[in-house]
Amino acid sequence: MRRDWDERARKDAFHYIAAWRHNWDPDSFFASGEDDYQRFAQKVFERWKWEPRGKAMLELGCGAGRMTRSFAERFGRVYACDISPEMLLRAKTLLPEATNIVWLLSDGKSLAGVERASVDLVFSYIVLQHMPTEALVFQYVHEMLRVLKSHGAFLFQFNSRRRPTMNRMGRLTWGVVDTLWSLRMNRASHTVASWMGFDPAMAGKSWRGASVEVSRMLDVLQRAGGVVQEVIGADTAMTWCWGTKAGIGQ
């Protein structure tokens with residue numbers, strides 16, 4: 001995953017974070033992050049009367065800081081975590097004035113370096129959907145609950161779509177690409193993707209990721225000590241989950 005995201009960062013960090021557009025500049029990039037903060041975070045906070053001011057939060061998969069700036073303007077402390085050193089370098093360069101951001105390099109399987117019960121909110125958007133296995137998604141869910149304070153909140157998006165969106169030939173082609181990627185045959189994986197007219201930087205399971213059924217996600221959250229308050233967009237690629245960590249004795 002680190003190899004792939006470093007490569008994407010060197011090629012076009014803004015595009016591979018927000019792939020719906022190619023011609024980003026810093027102003028439009030951060031404006032899109034503010035729009036998404038208002039759309040996906042602020043509306044939930046207002047609906048549940050949750051106040052971010054003065055609190056500490058962790059953003060899983062901060063990339064080049066597209067939404068990180070918006071969080072830093074509202075929270076007392078932001079832990080911005082990403083697996084890619086190249087992405088973090090770009091984020092630090094773009095946000096030098098944000099002194100309340102702690103930039104963290106992820107090990108790809110945990111939130112090591114973040115203390116247990118130390119943050120008030122964990123947030124993640126367009127990140128879990130790229131993780132190559134369901135087990136890794138669940139591992140990070142457990143880590144989210146570990147670092148949350150008692151009654152702290154989680155808000156994250158994942159892919160719960162069960163039906164494939166491409167035809168049989170497309171699935172077969174991507175299956176070959178994914179298999180080569182899993183065997184660490186990166187060059188061959190990129191070559192096959194290019195032959196088929198796909199973007200080679202999107203080759204492999206670190207882009208296509210794993211789908212997770214909502215019922216399984218809810219079960220994992222409950223077992224980890226989470227209390228789910230709201231699920232939006234079930235059985236779609238844009239499933240959002242909002243809830244809190246149970247308090248002592250609950």
# chains A, B, ... in the order shown; residues from 1 in each chain; ligands from 1

$ residues_around --residues "Asp82 in chain A" --least-positions-apart "6" --cutoff "8 Å" --atoms "only C-alpha atoms" --output "list in words"
Leu60, Gly61, Cys62, Gly63, Leu88, Leu104, Leu105 and Ser106 of chain A

$ select_by_dssp --residues "range 22-248 of chain A" --states "helix (DSSP H, G or I)" --output "PyMOL selection string"
chain A and resi 26-47+68-72+85-94+128-130+134-147+168-182+186-195+200-202+205-208+214-223

$ atom_distance --atom1 "CA of Arg47 in chain A" --atom2 "CA of Glu59 in chain A"
20.6 Å

$ residues_around --residues "range 1-11 of chain A" --least-positions-apart "5" --cutoff "6 Å" --atoms "only C-alpha atoms" --output "list in words"
Ile83, Ser84, Glu86, Met87 and Ser206 of chain A

$ write_last_selection --atoms "N, CA, C and O atoms" --output "PDB file, in the first residue's frame"
ATOM      1  N   ILE A  83      -0.410   6.455   5.306  1.00  0.00           N
ATOM      2  CA  ILE A  83       0.586   5.413   5.081  1.00  0.00           C
ATOM      3  C   ILE A  83       1.725   5.885   4.177  1.00  0.00           C
ATOM      4  O   ILE A  83       2.799   5.288   4.146  1.00  0.00           O
ATOM      5  N   SER A  84       1.521   6.977   3.458  1.00  0.00           N
ATOM      6  CA  SER A  84       2.469   7.429   2.436  1.00  0.00           C
ATOM      7  C   SER A  84       3.320   8.608   2.906  1.00  0.00           C
ATOM      8  O   SER A  84       2.799   9.707   3.133  1.00  0.00           O
ATOM      9  N   GLU A  86       5.242  10.287   1.047  1.00  0.00           N
ATOM     10  CA  GLU A  86       5.154  11.289  -0.019  1.00  0.00           C
ATOM     11  C   GLU A  86       3.908  12.158   0.155  1.00  0.00           C
ATOM     12  O   GLU A  86       3.951  13.380  -0.047  1.00  0.00           O
ATOM     13  N   MET A  87       2.789  11.545   0.523  1.00  0.00           N
ATOM     14  CA  MET A  87       1.570  12.312   0.764  1.00  0.00           C
ATOM     15  C   MET A  87       1.752  13.244   1.959  1.00  0.00           C
ATOM     16  O   MET A  87       1.367  14.428   1.920  1.00  0.00           O
ATOM     17  N   SER A 206      -4.855  -2.145  -3.615  1.00  0.00           N
ATOM     18  CA  SER A 206      -4.732  -0.939  -2.794  1.00  0.00           C
ATOM     19  C   SER A 206      -5.529   0.213  -3.389  1.00  0.00           C
ATOM     20  O   SER A 206      -5.634   1.279  -2.778  1.00  0.00           O
TER      21      SER A 206
END

$ closest_residue --among "A:Phe29, A:Trp195, A:Trp48, A:Trp103" --to "Ala13 in chain A" --atoms "only C-alpha atoms"
A:Phe29

$ residues_around --residues "Ala188 in chain A" --least-positions-apart "5" --cutoff "12 Å" --atoms "only C-alpha atoms" --output "ChimeraX atom specification"
/A:176-183,193-195,200,203-204

$ select_by_dssp --residues "range 79-240 of chain A" --states "strand (DSSP E)" --output "PyMOL selection string"
chain A and resi 79-82+101-105+119-124+148-158+226-232+239-240

$ atom_distance --atom1 "CA of Thr239 in chain A" --atom2 "CA of Gly197 in chain A"
29.0 Å

$ closest_residue --among "A:Arg69, A:Lys149, A:Lys55, A:Lys49" --to "Ala31 in chain A" --atoms "only C-alpha atoms"
A:Arg69

$ residues_around --residues "His151 in chain A" --least-positions-apart "4" --cutoff "10 Å" --atoms "only C-alpha atoms" --output "ChimeraX atom specification"
/A:117,120-121,226-227,243-248

$ residues_around --residues "Ser32 in chain A" --least-positions-apart "6" --cutoff "12 Å" --atoms "only C-alpha atoms" --output "VMD selection string"
chain A and resid 14 17 to 21 24 to 26 38 to 40 65 to 70
